[in-house]
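The next block is input25.cif, given as mmCIF, C-alpha atoms and all ligand atoms.
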data_data
loop_
_atom_site.label_atom_id
_atom_site.label_comp_id
_atom_site.auth_asym_id
_atom_site.auth_seq_id
_atom_site.Cartn_x
_atom_site.Cartn_y
_atom_site.Cartn_z
CA MET A 1 157.68 160.23 194.03
CA PRO A 2 154.13 160.28 192.63
CA LEU A 3 153.75 162.23 189.38
CA VAL A 4 151.11 164.96 189.27
CA HIS A 5 149.83 163.37 186.00
CA PRO A 6 150.64 159.82 184.87
CA PHE A 7 152.90 159.92 181.78
CA GLU A 8 152.17 157.57 178.86
CA THR A 9 154.45 156.77 175.91
CA SER A 10 154.29 154.12 173.18
CA PHE A 11 156.12 151.75 175.58
CA GLY A 12 154.03 152.25 178.71
CA ARG A 13 152.60 154.38 181.49
CA THR A 14 154.39 155.81 184.56
CA ALA A 15 152.45 157.08 187.58
CA GLU A 16 155.19 156.98 190.20
CA ARG A 17 158.95 157.46 189.94
CA ARG A 18 161.54 155.44 191.83
CA ILE A 19 164.68 157.55 191.47
CA ILE A 20 168.30 156.96 192.48
CA LEU A 21 170.06 160.12 193.66
CA VAL A 22 173.86 160.12 193.93
CA GLU A 23 175.69 162.26 196.49
CA VAL A 24 179.47 162.45 196.19
CA CYS A 25 181.33 163.89 199.17
CA ALA A 26 184.83 165.35 199.35
CA ASP A 27 186.50 168.17 201.29
CA GLY A 28 183.32 168.81 203.26
CA LEU A 29 181.35 169.50 200.07
CA SER A 30 178.65 167.45 198.30
CA GLY A 31 177.84 167.10 194.62
CA TRP A 32 174.49 165.69 193.52
CA GLY A 33 173.50 163.54 190.58
CA GLU A 34 170.40 161.73 189.38
CA VAL A 35 170.18 158.41 187.58
CA THR A 36 167.62 159.01 184.84
CA CYS A 37 166.62 155.45 183.95
CA GLY A 38 163.01 154.32 184.18
CA GLU A 39 161.51 151.87 186.64
CA HIS A 40 161.54 149.18 183.92
CA PRO A 41 163.88 148.43 180.98
CA PHE A 42 161.43 149.81 178.36
CA TYR A 43 163.04 153.07 177.13
CA ASN A 44 166.47 151.43 177.10
CA GLU A 45 167.98 148.39 178.83
CA GLU A 46 168.51 150.07 182.20
CA TRP A 47 166.13 150.32 185.13
CA THR A 48 166.31 151.53 188.72
CA ASP A 49 167.54 148.21 190.14
CA SER A 50 170.15 147.55 187.44
CA ALA A 51 171.59 151.02 188.04
CA TRP A 52 171.68 150.35 191.78
CA LEU A 53 173.84 147.25 191.28
CA ILE A 54 176.15 148.97 188.79
CA LEU A 55 176.79 151.89 191.13
CA ARG A 56 177.25 149.60 194.12
CA ASP A 57 179.45 146.92 192.55
CA TYR A 58 181.41 148.67 189.78
CA PRO A 59 182.90 151.86 191.20
CA PRO A 60 185.03 153.84 188.78
CA PRO A 61 187.59 153.57 187.31
CA THR A 62 186.35 150.04 186.49
CA PRO A 63 185.69 150.11 182.72
CA ILE A 64 182.21 148.76 182.03
CA ARG A 65 180.16 148.56 178.85
CA GLY A 66 176.82 150.31 178.59
CA HIS A 67 174.78 151.27 181.68
CA ASN A 68 175.21 154.89 180.64
CA MET A 69 172.47 156.16 182.93
CA ALA A 70 174.00 154.60 186.04
CA ARG A 71 177.42 156.01 185.12
CA GLY A 72 175.89 159.33 184.03
CA GLY A 73 174.26 159.87 187.43
CA LEU A 74 177.64 159.57 189.11
CA GLU A 75 179.42 161.66 186.47
CA ALA A 76 176.89 164.48 186.87
CA ALA A 77 177.35 164.40 190.66
CA MET A 78 181.12 164.71 190.14
CA CYS A 79 180.60 167.71 187.85
CA ASP A 80 178.41 169.38 190.46
CA LEU A 81 181.07 168.70 193.12
CA GLU A 82 183.82 170.12 190.88
CA ALA A 83 181.72 173.23 190.28
CA ARG A 84 181.14 173.72 194.00
CA ARG A 85 184.85 173.24 194.73
CA ALA A 86 185.65 175.89 192.12
CA GLY A 87 182.87 178.12 193.50
CA VAL A 88 181.22 178.46 190.07
CA PRO A 89 177.79 177.57 188.72
CA LEU A 90 177.53 174.18 187.01
CA TRP A 91 176.78 175.80 183.64
CA LYS A 92 180.11 177.58 183.84
CA GLN A 93 181.97 174.44 184.98
CA ILE A 94 180.79 172.50 181.89
CA GLY A 95 181.71 175.31 179.48
CA GLY A 96 178.16 176.62 178.96
CA GLY A 97 176.72 180.07 179.52
CA ALA A 98 175.85 180.83 175.90
CA ARG A 99 172.46 182.11 177.07
CA PRO A 100 171.16 183.40 180.44
CA GLU A 101 167.72 181.85 179.86
CA ILE A 102 167.01 178.53 178.19
CA PRO A 103 164.03 178.01 175.85
CA CYS A 104 161.52 175.46 177.18
CA GLY A 105 159.06 173.07 175.59
CA VAL A 106 156.82 170.42 177.07
CA SER A 107 156.33 166.74 176.36
CA ILE A 108 152.71 165.62 176.64
CA GLY A 109 151.99 161.93 176.98
CA ILE A 110 149.30 159.87 175.25
CA GLN A 111 145.91 160.82 176.73
CA ASP A 112 142.63 158.94 177.14
CA SER A 113 140.94 161.15 174.52
CA VAL A 114 141.79 163.78 171.92
CA ASP A 115 139.70 166.31 173.89
CA GLU A 116 141.87 165.69 176.94
CA LEU A 117 145.01 166.17 174.83
CA LEU A 118 143.69 169.46 173.39
CA ARG A 119 142.94 170.69 176.92
CA ARG A 120 146.46 169.79 178.07
CA ILE A 121 148.00 171.61 175.10
CA ASP A 122 145.81 174.65 175.80
CA THR A 123 147.14 174.82 179.36
CA GLU A 124 150.80 174.59 178.27
CA VAL A 125 150.46 177.11 175.43
CA ALA A 126 148.75 179.52 177.85
CA ALA A 127 151.64 179.02 180.30
CA GLY A 128 154.03 180.28 177.58
CA TYR A 129 155.93 177.11 176.57
CA GLN A 130 157.70 177.62 173.25
CA ARG A 131 156.87 174.27 171.66
CA ILE A 132 154.62 171.30 172.23
CA LYS A 133 155.72 167.70 171.84
CA ILE A 134 153.09 165.00 171.75
CA LYS A 135 153.69 161.29 172.03
CA ILE A 136 152.45 159.13 169.17
CA LYS A 137 152.03 155.39 168.50
CA PRO A 138 150.12 153.33 165.91
CA GLY A 139 146.44 154.22 166.39
CA TRP A 140 147.30 157.57 168.06
CA ASP A 141 149.10 159.46 165.32
CA VAL A 142 147.90 161.00 162.03
CA LEU A 143 144.30 161.64 163.10
CA VAL A 144 145.40 163.04 166.45
CA VAL A 145 148.03 165.34 164.92
CA ASN A 146 145.38 166.51 162.44
CA GLU A 147 143.05 167.49 165.30
CA VAL A 148 145.87 169.25 167.15
CA ARG A 149 146.85 171.19 164.03
CA LYS A 150 143.23 172.26 163.40
CA ARG A 151 143.05 173.72 166.89
CA PHE A 152 146.66 175.02 167.09
CA PRO A 153 147.66 175.93 163.52
CA ARG A 154 150.60 178.13 164.51
CA THR A 155 152.05 176.39 167.58
CA PRO A 156 155.53 174.88 167.11
CA LEU A 157 154.67 171.19 167.28
CA MET A 158 156.53 167.87 167.14
CA ALA A 159 155.79 164.19 167.68
CA ASP A 160 157.80 161.50 169.52
CA ALA A 161 157.17 157.83 168.65
CA ASN A 162 159.71 156.17 170.99
CA SER A 163 160.48 153.49 168.37
CA ALA A 164 156.86 152.44 167.78
CA TYR A 165 157.17 152.01 163.97
CA THR A 166 159.14 150.11 161.34
CA LEU A 167 160.24 150.98 157.83
CA ALA A 168 157.08 149.21 156.58
CA ASP A 169 155.15 152.20 158.05
CA ALA A 170 156.97 154.73 155.83
CA ASP A 171 153.91 155.58 153.71
CA HIS A 172 151.80 156.03 156.82
CA LEU A 173 154.41 158.25 158.47
CA ARG A 174 154.66 160.33 155.29
CA ARG A 175 151.09 161.52 155.97
CA LEU A 176 152.55 163.49 158.89
CA ASP A 177 154.30 165.72 156.32
CA ASP A 178 150.95 167.56 155.88
CA PHE A 179 151.24 169.06 159.36
CA TYR A 180 154.58 170.91 159.08
CA LEU A 181 155.90 169.42 162.33
CA MET A 182 159.25 170.73 163.59
CA MET A 183 160.43 167.13 163.68
CA ILE A 184 159.45 163.53 164.32
CA GLU A 185 161.47 161.96 167.13
CA GLN A 186 162.76 158.36 167.05
CA PRO A 187 160.12 156.76 164.81
CA LEU A 188 162.06 153.49 164.25
CA GLY A 189 164.17 151.00 166.23
CA HIS A 190 165.77 152.15 169.48
CA ASP A 191 169.21 151.04 168.22
CA ASP A 192 168.75 151.75 164.51
CA ILE A 193 170.49 154.29 162.30
CA VAL A 194 170.33 152.81 158.76
CA ASP A 195 166.52 152.43 158.55
CA HIS A 196 166.13 155.99 159.82
CA ALA A 197 168.33 157.16 156.94
CA GLU A 198 166.06 155.34 154.49
CA LEU A 199 162.96 156.82 156.13
CA GLN A 200 164.41 160.34 156.22
CA ALA A 201 164.93 160.19 152.44
CA LYS A 202 161.16 159.62 152.09
CA LEU A 203 159.99 162.29 154.57
CA ALA A 204 159.90 166.07 154.36
CA THR A 205 159.58 166.22 158.16
CA PRO A 206 163.01 166.28 159.83
CA ILE A 207 163.84 163.21 161.90
CA CYS A 208 165.29 163.77 165.38
CA LEU A 209 167.10 160.85 166.98
CA ASP A 210 166.86 160.16 170.71
CA GLU A 211 167.29 156.49 171.77
CA SER A 212 169.71 155.63 168.91
CA ILE A 213 172.37 158.19 169.87
CA ARG A 214 174.36 156.96 172.86
CA SER A 215 177.73 158.41 171.94
CA ALA A 216 179.46 160.99 169.76
CA HIS A 217 180.43 158.11 167.47
CA HIS A 218 176.75 157.29 166.91
CA ALA A 219 176.05 160.97 166.25
CA GLU A 220 178.78 161.09 163.60
CA GLN A 221 177.46 157.94 161.93
CA ALA A 222 173.84 159.17 161.95
CA ILE A 223 174.83 162.51 160.47
CA ARG A 224 177.07 160.91 157.85
CA LEU A 225 174.18 158.66 156.72
CA HIS A 226 171.63 161.54 156.81
CA ALA A 227 169.58 159.55 159.33
CA CYS A 228 168.53 162.72 161.18
CA HIS A 229 168.51 166.52 160.91
CA ILE A 230 168.27 167.12 164.66
CA ILE A 231 169.60 165.35 167.80
CA ASN A 232 168.00 165.11 171.24
CA ILE A 233 170.76 164.90 173.89
CA LYS A 234 169.97 163.30 177.24
CA LEU A 235 172.68 163.31 179.90
CA GLY A 236 171.84 159.86 181.21
CA ARG A 237 171.46 158.15 177.85
CA VAL A 238 174.95 159.25 176.79
CA GLY A 239 176.66 158.71 180.17
CA GLY A 240 177.14 162.26 181.45
CA PHE A 241 178.33 165.77 180.63
CA ALA A 242 181.59 164.77 178.91
CA GLU A 243 179.91 162.67 176.20
CA ALA A 244 176.96 165.10 175.95
CA ARG A 245 179.47 167.85 175.22
CA ARG A 246 181.16 165.72 172.52
CA ILE A 247 177.81 165.01 170.82
CA HIS A 248 176.97 168.71 171.00
CA ASP A 249 180.30 169.52 169.33
CA VAL A 250 179.67 166.97 166.56
CA GLY A 251 176.26 168.58 165.97
CA VAL A 252 177.60 172.14 165.90
CA LYS A 253 180.35 171.18 163.45
CA ALA A 254 177.83 169.53 161.11
CA GLY A 255 175.20 172.28 161.41
CA ILE A 256 172.83 169.91 163.24
CA PRO A 257 170.79 171.62 165.98
CA VAL A 258 170.55 169.82 169.33
CA TRP A 259 168.16 170.13 172.27
CA CYS A 260 167.99 168.69 175.77
CA GLY A 261 165.64 165.77 176.32
CA GLY A 262 164.03 164.83 179.63
CA MET A 263 163.38 161.64 181.58
CA LEU A 264 160.75 162.85 184.09
CA GLU A 265 163.57 163.99 186.36
CA SER A 266 163.38 165.33 189.87
CA GLY A 267 164.72 168.83 190.43
CA ILE A 268 168.28 167.53 190.61
CA GLY A 269 168.30 166.02 187.11
CA ARG A 270 166.31 169.01 185.91
CA ALA A 271 169.02 171.39 187.22
CA HIS A 272 171.66 169.39 185.30
CA ASN A 273 169.52 169.68 182.16
CA ILE A 274 169.30 173.46 182.59
CA ALA A 275 173.11 173.72 182.81
CA LEU A 276 173.55 171.49 179.73
CA SER A 277 171.05 173.62 177.77
CA THR A 278 173.33 176.67 178.07
CA LEU A 279 175.88 175.16 175.63
CA PRO A 280 175.77 177.16 172.36
CA GLY A 281 174.38 174.40 170.10
CA PHE A 282 171.22 173.92 172.22
CA VAL A 283 169.24 176.28 170.00
CA LEU A 284 165.87 174.47 170.07
CA PRO A 285 163.50 174.36 173.07
CA GLY A 286 164.15 171.26 175.18
CA ASP A 287 161.91 168.97 177.26
CA VAL A 288 163.01 170.90 180.35
CA SER A 289 159.97 172.30 182.10
CA ALA A 290 158.72 173.45 185.51
CA SER A 291 158.88 171.20 188.60
CA SER A 292 155.16 171.74 189.19
CA ARG A 293 154.25 169.89 185.96
CA TYR A 294 155.62 166.73 187.60
CA TRP A 295 155.79 167.11 191.37
CA ALA A 296 153.56 168.39 194.16
CA ARG A 297 156.83 168.89 196.04
CA ASP A 298 160.28 168.80 194.43
CA VAL A 299 163.56 167.72 196.05
CA VAL A 300 165.17 171.14 195.45
CA THR A 301 164.26 174.65 196.59
CA PRO A 302 163.14 176.84 195.10
CA ALA A 303 161.18 174.62 192.71
CA ILE A 304 162.19 175.11 189.07
CA GLU A 305 159.98 177.73 187.45
CA VAL A 306 159.31 178.81 183.90
CA THR A 307 158.76 182.44 182.86
CA ALA A 308 155.67 183.61 180.96
CA GLN A 309 157.94 183.65 177.86
CA GLY A 310 158.62 179.92 178.26
CA THR A 311 162.17 180.16 179.54
CA ILE A 312 164.09 179.08 182.63
CA VAL A 313 166.51 181.70 183.95
CA THR A 314 169.89 180.24 184.96
CA ARG A 315 171.21 180.85 188.46
CA ASP A 316 174.57 182.10 189.65
CA GLU A 317 175.06 180.07 192.86
CA PRO A 318 177.92 177.52 192.83
CA GLY A 319 176.94 174.08 191.52
CA LEU A 320 173.35 173.23 190.60
CA GLY A 321 172.07 176.61 191.75
CA TYR A 322 169.22 175.08 193.74
CA GLU A 323 169.24 174.00 197.39
CA ILE A 324 168.95 170.29 198.05
CA ASP A 325 165.95 169.64 200.33
CA ARG A 326 167.67 166.95 202.43
CA GLU A 327 164.89 166.74 204.93
CA TYR A 328 162.36 165.91 202.22
CA ILE A 329 164.76 163.52 200.47
CA ASP A 330 165.42 161.69 203.76
CA SER A 331 161.68 161.40 204.39
CA ILE A 332 161.06 159.61 201.05
CA THR A 333 164.28 157.54 200.90
CA VAL A 334 163.60 153.79 200.94
CA ARG A 335 167.14 152.48 200.44
CA GLN A 336 170.61 153.87 200.95
CA GLU A 337 174.10 152.55 200.30
CA VAL A 338 177.39 154.18 201.24
CA VAL A 339 180.37 153.39 199.02
CA SER A 340 183.69 154.49 200.55
CA ARG A 341 186.86 154.94 198.56
O1 LIG A 401 161.47 159.89 174.70
O2 LIG A 401 161.77 161.85 175.39
C1 LIG A 401 161.41 160.70 175.61
C2 LIG A 401 159.95 160.46 179.15
C3 LIG A 401 160.35 159.19 179.51
C4 LIG A 401 161.05 158.43 178.60
C5 LIG A 401 161.35 158.93 177.33
C6 LIG A 401 160.97 160.21 176.97
C7 LIG A 401 160.21 160.97 177.90
C8 LIG A 401 159.70 162.29 177.60
C9 LIG A 401 159.43 163.17 178.78
O3 LIG A 401 159.36 162.66 176.49
C10 LIG A 401 160.33 164.33 178.85
C11 LIG A 401 160.17 165.04 180.17
O4 LIG A 401 159.28 165.87 180.28
O5 LIG A 401 160.94 164.75 181.11
MG MG A 402 162.17 160.75 172.93
#
Please, can you express the file's structure as structure tokens?
Amino acid sequence: MPLVHPFETSFGRTAERRIILVEVCADGLSGWGEVTCGEHPFYNEEWTDSAWLILRDYPPPTPIRGHNMARGGLEAAMCDLEARRAGVPLWKQIGGGARPEIPCGVSIGIQDSVDELLRRIDTEVAAGYQRIKIKIKPGWDVLVVNEVRKRFPRTPLMADANSAYTLADADHLRRLDDFYLMMIEQPLGHDDIVDHAELQAKLATPICLDESIRSAHHAEQAIRLHACHIINIKLGRVGGFAEARRIHDVGVKAGIPVWCGGMLESGIGRAHNIALSTLPGFVLPGDVSASSRYWARDVVTPAIEVTAQGTIVTRDEPGLGYEIDREYIDSITVRQEVVSR
């Protein structure tokens, strides 16, 4: 699926998505899941083709290590199926429903110029989004944030580095404290906790961990070491709703706010993210935004829309709450595998 705008992070640029969708069938019903890994092993170790092999060759209950996104796509499909069997919306099935509308933010990639970035932010603020996240990397950080703050002094703003820095950059990163950001996301190593704790002690800006938190155990360790004040929860990264729920519970117990991250999902993964965001601890706006920011045509109907107040209203239909556009999915499917059990 071609993206409406290419998306650039500190680890690379994506113009087109190659997405694995999972359909689980039982009792004449279908549940749908999405594998949220990238096309290349740059965000974490998984990519579309590794997930394909895991899902094909290691059906549950085979215990495997890692490959959370492959497993998470299947787990989410099972949750959707369970919800449909029970005749309840997915948000209810997973124990959510704390809020009828979820607060939405946007993630804006690295742009070709600061002017272009300011124009993109203008558009999203005008659309009503409740906070803006910009991607940063060495050479596109302090000066850029300074320009954004000059133009948008009152907009809730944060920056995501996707592991582009090391502890040696601590003094440089401390300059971001001047801009009263809501948080800085994953500045250091993708698998690090200890260096983040050392950095957090030097920064006024709260650190939010993304890549480093793959389980509730990691969340407990990060909180115990004061490595972060906030946690981004992504369904795929943590292997599905069950572990996402456990991380959420760890956060709530410790007074650590959580929010739902995104992985440039199609409408199916987006619908899962909406359900997850109704758990009570998801008090900060997530990277869950309208289908039209990504896709000319989405794989669900209606497309996911955001209100002028920057919220998505949850739906009451059983399961995901959105219709699967099978005809469109079939027309863009390049590979299919049926696993019978
Ligand atoms: O770190 O949150 C991230 C996209 C791809 C890989 C990693 C990340 C992102 C985003 C985009 O920030 C979030 C979205 O709008 O889906
Ligand atoms: Mg991130």
Item to check | Surroundings of ligand LIG 401 (chain A) up to 8 Å, based on all atoms listed in the file, as a ChimeraX atom specification | outcome: /A:7,9,38,43,106-109,133,135,160-162,185-186,210-211,261-265,287-289
Item to check | Shell of 9 Å around Ile102 (chain A), all atoms listed in the file, local chain residues under 5 positions omitted, as a VMD selection string | outcome: chain A and resid 274 277 to 278 282 to 283 285 to 286 288 310 to 314
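Neighbouring residues of region 69-75 of chain A at 9 Å or closer, counting all atoms listed in the file and skipping chain neighbours under 6 positions away, are Ile20, Leu21, Val22, Glu23, Val24, Trp32, Gly33, Glu34, Val35, Thr36, Cys37, Glu46, Trp47, Thr48, Ser50, Ala51, Trp52, Ile54, Leu55, Pro60, Leu235, Gly236, Arg237, Val238, Gly239, Gly240, Phe241, Ala242 and Gly269 of chain A.
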Checklist entry - With all atoms listed in the file as the atoms that count, which of A:Val300, A:Ala168, A:Leu225, A:Ile136 lies nearest to ligand MG 402 (chain A)? => result A:Ile136
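One finds CA of Arg341 (chain A) at 13.5 Å from CA of Asp27 (chain A).
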Next on the checklist: Residues within 8 Å of Leu3 (chain A), please, as a list in words. Count all atoms listed in the file; anything in the same chain fewer than 6 positions from it doesn't count.
Outcome noted: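 What passes the distance filter is Ala15, Glu16, Arg17, Tyr294, Trp295 and Ala296 of chain A.
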Listed atoms of region 295-298 of chain A boxed along x, y and z, 3 Å each side, centre and edge lengths in Å, one decimal, as lines of an AutoDock Vina configuration file:
center_x = 156.9
center_y = 168.0
center_z = 193.7
size_x = 12.7
size_y = 7.8
size_z = 10.7
Item to check | Distance in Å - CA of Ile304 (chain A) versus CA of Ser10 (chain A) | outcome: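 Going from CA of Ile304 (chain A) over to CA of Ser10 (chain A) covers 27.5 Å.
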Next on the checklist: Taking 3 positions as the minimum chain separation for residues in the same chain, which residues sit within 9 Å of region 192-195 of chain A when counting only C-alpha atoms? Answer as a ChimeraX atom specification.
Outcome noted: /A:166-167,188-189,198-200,209,211-213,218,221-222,225,227-228
Next on the checklist: Let me make sure I understand: among A:Ser291, A:Ala216, A:Asn44, A:Arg65, which one has the smallest atom-to-atom distance to ligand MG 402 (chain A) if we use all atoms listed in the file?
Outcome noted: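 Using all atoms listed in the file, the shortest distance to ligand MG 402 (chain A) belongs to A:Asn44.
Minimum atom-to-atom distance to Gln93 (chain A), evaluated using only C-alpha atoms, belongs to A:Leu279 out of A:Val306, A:Ile324, A:Leu279, A:Ala219.
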Item to check | Two-atom distance - CA of Asp115 (chain A), CA of Val4 (chain A) (Å) | outcome: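 Between CA of Asp115 (chain A) and CA of Val4 (chain A) the gap works out to 19.2 Å.
Between ligand MG 402 (chain A) and the candidates A:Val252, A:Cys79, A:Ile134, A:Leu90, the tightest atom-to-atom separation, counting only C-alpha atoms and all ligand atoms, involves A:Ile134.
Proximity of A:Lys92, A:Gly87, A:Ala254, A:Cys104 to Ala290 (chain A), computed with only C-alpha atoms, is greatest for A:Cys104.
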Checklist entry - Hey, which of A:Leu320, A:Ile332, A:Leu173, A:Leu143 ends up closest to Ser30 (chain A)? Count only C-alpha atoms. => result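 Nearest candidate to Ser30 (chain A) out of A:Leu320, A:Ile332, A:Leu173, A:Leu143: A:Leu320.
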Checklist entry - Which protein, DNA or RNA residues have an atom at most 12 Å from (143.5, 154.6, 168.8), counting only C-alpha atoms? List them as a VMD selection string. => result chain A and resid 10 110 to 114 136 to 144
